[in-house]
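my_file.cif (mmCIF, C-alpha atoms) appears below.
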```cif
data_coords
loop_
_atom_site.group_PDB
_atom_site.id
_atom_site.type_symbol
_atom_site.label_atom_id
_atom_site.label_comp_id
_atom_site.auth_asym_id
_atom_site.auth_seq_id
_atom_site.Cartn_x
_atom_site.Cartn_y
_atom_site.Cartn_z
ATOM 1 C CA MET A 1 -46.650 39.695 -2.564
ATOM 2 C CA ALA A 2 -44.890 40.954 -5.695
ATOM 3 C CA ALA A 3 -41.850 39.136 -7.030
ATOM 4 C CA PRO A 4 -38.536 40.906 -6.344
ATOM 5 C CA MET A 5 -37.165 42.950 -9.230
ATOM 6 C CA GLY A 6 -33.606 43.911 -10.004
ATOM 7 C CA PRO A 7 -32.533 46.836 -12.198
ATOM 8 C CA LEU A 8 -32.603 44.873 -15.460
ATOM 9 C CA THR A 9 -36.116 43.609 -14.800
ATOM 10 C CA ARG A 10 -37.353 47.095 -13.877
ATOM 11 C CA ALA A 11 -35.862 48.538 -17.059
ATOM 12 C CA ARG A 12 -37.384 45.789 -19.208
ATOM 13 C CA LYS A 13 -40.808 46.198 -17.601
ATOM 14 C CA ALA A 14 -40.696 50.003 -17.893
ATOM 15 C CA ALA A 15 -39.559 49.867 -21.539
ATOM 16 C CA ASP A 16 -42.241 47.426 -22.682
ATOM 17 C CA PRO A 17 -44.811 46.533 -20.005
ATOM 18 C CA ASP A 18 -47.094 44.801 -22.518
ATOM 19 C CA ASP A 19 -44.357 42.380 -23.569
ATOM 20 C CA TYR A 20 -43.403 41.726 -19.931
ATOM 21 C CA ASN A 21 -47.026 40.921 -19.047
ATOM 22 C CA ARG A 22 -47.434 38.790 -22.190
ATOM 23 C CA VAL A 23 -44.419 36.644 -21.261
ATOM 24 C CA VAL A 24 -45.582 36.278 -17.639
ATOM 25 C CA GLU A 25 -49.121 35.313 -18.702
ATOM 26 C CA GLU A 26 -47.769 32.836 -21.259
ATOM 27 C CA LYS A 27 -45.583 31.253 -18.567
ATOM 28 C CA MET A 28 -48.632 31.026 -16.287
ATOM 29 C CA LYS A 29 -50.614 29.195 -18.994
ATOM 30 C CA GLN A 30 -47.787 26.814 -19.943
ATOM 31 C CA SER A 31 -46.689 25.879 -16.434
ATOM 32 C CA GLY A 32 -49.869 26.383 -14.422
ATOM 33 C CA MET A 33 -48.042 28.793 -12.132
ATOM 34 C CA THR A 34 -49.475 31.630 -10.107
ATOM 35 C CA ARG A 35 -48.708 35.118 -11.366
ATOM 36 C CA ASP A 36 -46.249 35.662 -8.524
ATOM 37 C CA ALA A 37 -44.350 32.453 -9.324
ATOM 38 C CA ALA A 38 -44.299 33.232 -13.069
ATOM 39 C CA GLU A 39 -43.029 36.771 -12.424
ATOM 40 C CA ARG A 40 -40.362 35.469 -10.064
ATOM 41 C CA GLU A 41 -39.114 32.964 -12.643
ATOM 42 C CA TYR A 42 -39.147 35.506 -15.493
ATOM 43 C CA ASN A 43 -37.358 38.049 -13.297
ATOM 44 C CA ASP A 44 -34.687 35.441 -12.520
ATOM 45 C CA TYR A 45 -34.299 34.849 -16.236
ATOM 46 C CA LEU A 46 -33.888 38.572 -16.968
ATOM 47 C CA GLU A 47 -31.427 39.187 -14.127
ATOM 48 C CA GLN A 48 -29.089 36.244 -14.674
ATOM 49 C CA PRO A 49 -26.792 35.478 -17.589
ATOM 50 C CA PRO A 50 -28.325 32.645 -19.655
ATOM 51 C CA GLU A 51 -25.851 29.989 -18.533
ATOM 52 C CA TYR A 52 -26.438 30.754 -14.834
ATOM 53 C CA TYR A 53 -30.192 30.706 -15.366
ATOM 54 C CA ALA A 54 -29.942 27.320 -17.060
ATOM 55 C CA ILE A 55 -27.837 25.955 -14.187
ATOM 56 C CA SER A 56 -30.305 27.194 -11.571
ATOM 57 C CA GLN A 57 -33.220 25.670 -13.515
ATOM 58 C CA LYS A 58 -31.381 22.351 -13.722
ATOM 59 C CA GLU A 59 -30.770 22.454 -9.942
ATOM 60 C CA ARG A 60 -34.468 23.121 -9.310
ATOM 61 C CA TYR A 61 -35.483 20.292 -11.639
ATOM 62 C CA TYR A 62 -33.348 17.686 -9.891
ATOM 63 C CA ARG A 63 -34.295 18.925 -6.425
ATOM 64 C CA LYS A 64 -37.987 18.559 -7.329
ATOM 65 C CA MET A 65 -37.195 14.986 -8.326
ATOM 66 C CA GLY A 66 -35.792 14.397 -4.824
ATOM 67 C CA TYR A 67 -32.064 14.562 -5.503
ATOM 68 C CA LYS A 68 -29.625 16.561 -3.393
ATOM 69 C CA ASN A 69 -28.192 18.449 -6.387
ATOM 70 C CA SER A 70 -27.933 18.280 -10.171
ATOM 71 C CA ARG A 71 -24.728 16.203 -10.087
ATOM 72 C CA GLU A 72 -26.398 13.482 -8.032
ATOM 73 C CA GLY A 73 -29.541 13.706 -10.171
ATOM 74 C CA ARG A 74 -27.709 13.407 -13.476
ATOM 75 C CA ILE A 75 -25.793 10.350 -12.299
ATOM 76 C CA ALA A 76 -28.889 8.649 -10.847
ATOM 77 C CA GLU A 77 -30.969 9.285 -13.975
ATOM 78 C CA ALA A 78 -28.131 8.036 -16.196
ATOM 79 C CA GLU A 79 -27.835 4.876 -14.090
ATOM 80 C CA LYS A 80 -31.500 4.161 -14.830
ATOM 81 C CA GLU A 81 -30.549 4.199 -18.516
ATOM 82 C CA GLY A 82 -27.405 2.142 -17.937
ATOM 83 C CA ARG A 83 -25.052 5.053 -18.622
ATOM 84 C CA GLY A 84 -24.076 5.865 -15.021
ATOM 85 C CA ASP A 85 -20.338 5.231 -15.392
ATOM 86 C CA GLU A 86 -20.176 7.246 -18.598
ATOM 87 C CA VAL A 87 -21.945 10.275 -17.085
ATOM 88 C CA ARG A 88 -19.942 10.020 -13.856
ATOM 89 C CA ALA A 89 -16.682 10.027 -15.857
ATOM 90 C CA GLU A 90 -17.839 13.040 -17.913
ATOM 91 C CA ILE A 91 -18.797 14.996 -14.782
ATOM 92 C CA GLU A 92 -15.436 14.205 -13.164
ATOM 93 C CA ARG A 93 -13.588 15.251 -16.336
ATOM 94 C CA VAL A 94 -15.406 18.594 -16.441
ATOM 95 C CA GLU A 95 -14.797 19.185 -12.713
ATOM 96 C CA LYS A 96 -11.058 18.429 -13.067
ATOM 97 C CA GLU A 97 -10.834 20.721 -16.077
ATOM 98 C CA GLY A 98 -12.489 23.504 -14.050
ATOM 99 C CA GLN A 99 -10.095 22.962 -11.148
ATOM 100 C CA PHE A 100 -7.121 23.049 -13.508
ATOM 101 C CA LYS A 101 -8.288 26.354 -14.986
ATOM 102 C CA ALA A 102 -8.937 27.838 -11.537
ATOM 103 C CA PHE A 103 -5.490 26.882 -10.262
ATOM 104 C CA GLY A 104 -3.953 28.239 -13.461
ATOM 105 C CA VAL A 105 -5.616 31.616 -12.959
ATOM 106 C CA LEU A 106 -4.615 31.701 -9.290
ATOM 107 C CA GLY A 107 -1.031 30.788 -10.211
ATOM 108 C CA LEU A 108 -0.945 33.567 -12.793
ATOM 109 C CA PHE A 109 -2.110 36.128 -10.226
ATOM 110 C CA VAL A 110 0.521 34.957 -7.733
ATOM 111 C CA VAL A 111 3.289 35.230 -10.352
ATOM 112 C CA VAL A 112 2.134 38.717 -11.421
ATOM 113 C CA PHE A 113 1.868 39.851 -7.790
ATOM 114 C CA LEU A 114 5.336 38.558 -6.932
ATOM 115 C CA GLY A 115 6.789 40.121 -10.072
ATOM 116 C CA LEU A 116 5.252 43.514 -9.291
ATOM 117 C CA ARG A 117 6.422 43.191 -5.699
ATOM 118 C CA GLU A 118 10.001 42.633 -6.884
ATOM 119 C CA VAL A 119 9.810 45.642 -9.213
ATOM 120 C CA TYR A 120 8.480 47.775 -6.359
ATOM 121 C CA LEU A 121 11.101 46.583 -3.883
ATOM 122 C CA SER A 122 13.915 47.243 -6.361
ATOM 123 C CA ASP A 123 12.911 50.923 -6.800
ATOM 124 C CA PRO A 124 9.949 52.073 -4.697
ATOM 125 C CA GLU A 125 10.402 55.754 -5.612
ATOM 126 C CA ASN A 126 9.833 55.215 -9.327
ATOM 127 C CA PHE A 127 7.268 52.429 -9.132
ATOM 128 C CA ILE A 128 4.397 53.124 -11.549
ATOM 129 C CA THR A 129 5.270 56.773 -12.073
ATOM 130 C CA GLY A 130 2.846 58.625 -14.252
ATOM 131 C CA ILE A 131 -0.116 56.457 -13.354
ATOM 132 C CA LEU A 132 -0.825 57.962 -9.978
#
```
Transcribe the structure of this file into structure tokens.
Amino acid sequence: MAAPMGPLTRARKAADPDDYNRVVEEKMKQSGMTRDAAEREYNDYLEQPPEYYAISQKERYYRKMGYKNSREGRIAEAEKEGRGDEVRAEIERVEKEGQFKAFGVLGLFVVVFLGLREVYLSDPENFITGIL
């Protein structure tokens, strides 16, 4: 069964099939994978932005090690080295920072929506004239 291909992978393979095959064969040699598994992993790499690919690889790595997810795996591995509290605090800091940013963006959208709503309600006939 052939590995699934998205539009970016198809374009890359059509543009330079020799390079695509070279990368897949190299991955097979390095990792001892089947061709199907190597193609699937390379296709994932081509279709995803680099940071998402790295995150998915990290998730796979920790799941293979028997952890539920990468967060649990990072903490458990750091505890083996005696750095569990430090890593746990760093993960919590990053998560809180992400939540703060998300709520900030949501708050901004709510304020913009309410502002536009007030402008519309004050004069619905002339709201965004010239755009439509």
- Name the residues captured by the PyMOL selection byres ((chain A and resi 5) around 10) when it is applied to the shown file; answer as a list of chain:residue names.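 Applied to this file, the PyMOL selection byres ((chain A and resi 5) around 10) selects A:Ala2, A:Ala3, A:Pro4, A:Gly6, A:Pro7, A:Leu8, A:Thr9, A:Arg10, A:Ala11, A:Lys13, A:Glu39, A:Arg40, A:Tyr42, A:Asn43, A:Asp44, A:Leu46, A:Glu47.
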- Message: Between CA of Gly73 (chain A) and CA of Lys29 (chain A), what distance in Å does the model show, to one decimal?
- Response: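 Taking CA of Gly73 (chain A) as the start and CA of Lys29 (chain A) as the end point, the length is 27.6 Å.
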- Message: Report as an MDAnalysis selection string all protein, DNA and RNA residues lying within 10 Å of Leu116 (chain A), evaluated on all atoms listed in the file, omitting residues in the same chain fewer than 5 positions from it.
- Response: chainID A and resid 110:111 121:122 127:128
Print the selection's residues with C-alpha atoms to a file, as a compact mmCIF listing (two decimals), in the frame of the given file.
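Contents of the output file result.txt:
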```txt
# COMPACT_ATOMS: atom_id res chain seq x y z
CA VAL A 110 0.52 34.96 -7.73
CA VAL A 111 3.29 35.23 -10.35
CA LEU A 121 11.10 46.58 -3.88
CA SER A 122 13.92 47.24 -6.36
CA PHE A 127 7.27 52.43 -9.13
CA ILE A 128 4.40 53.12 -11.55
```
- Which one of A:Glu125, A:Ile55, A:Phe109, A:Arg74 sits closest to Glu86 (chain A) if you count only C-alpha atoms? A:Arg74
- Test item: the PyMOL selection byres ((chain A and resi 88) around 10) resolved as a ChimeraX atom specification: /A:71-72,74-76,78-79,83-87,89-93
- Task: Quote the spacing between CA of Val24 (chain A) and CA of Ala54 (chain A) in Å to one decimal place.
- Result: 18.0 Å
- Between CA of Phe100 (chain A) and CA of Glu118 (chain A), what is the spacing in Å?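 Calculated distance between CA of Glu118 (chain A) and CA of Phe100 (chain A) is 26.8 Å.
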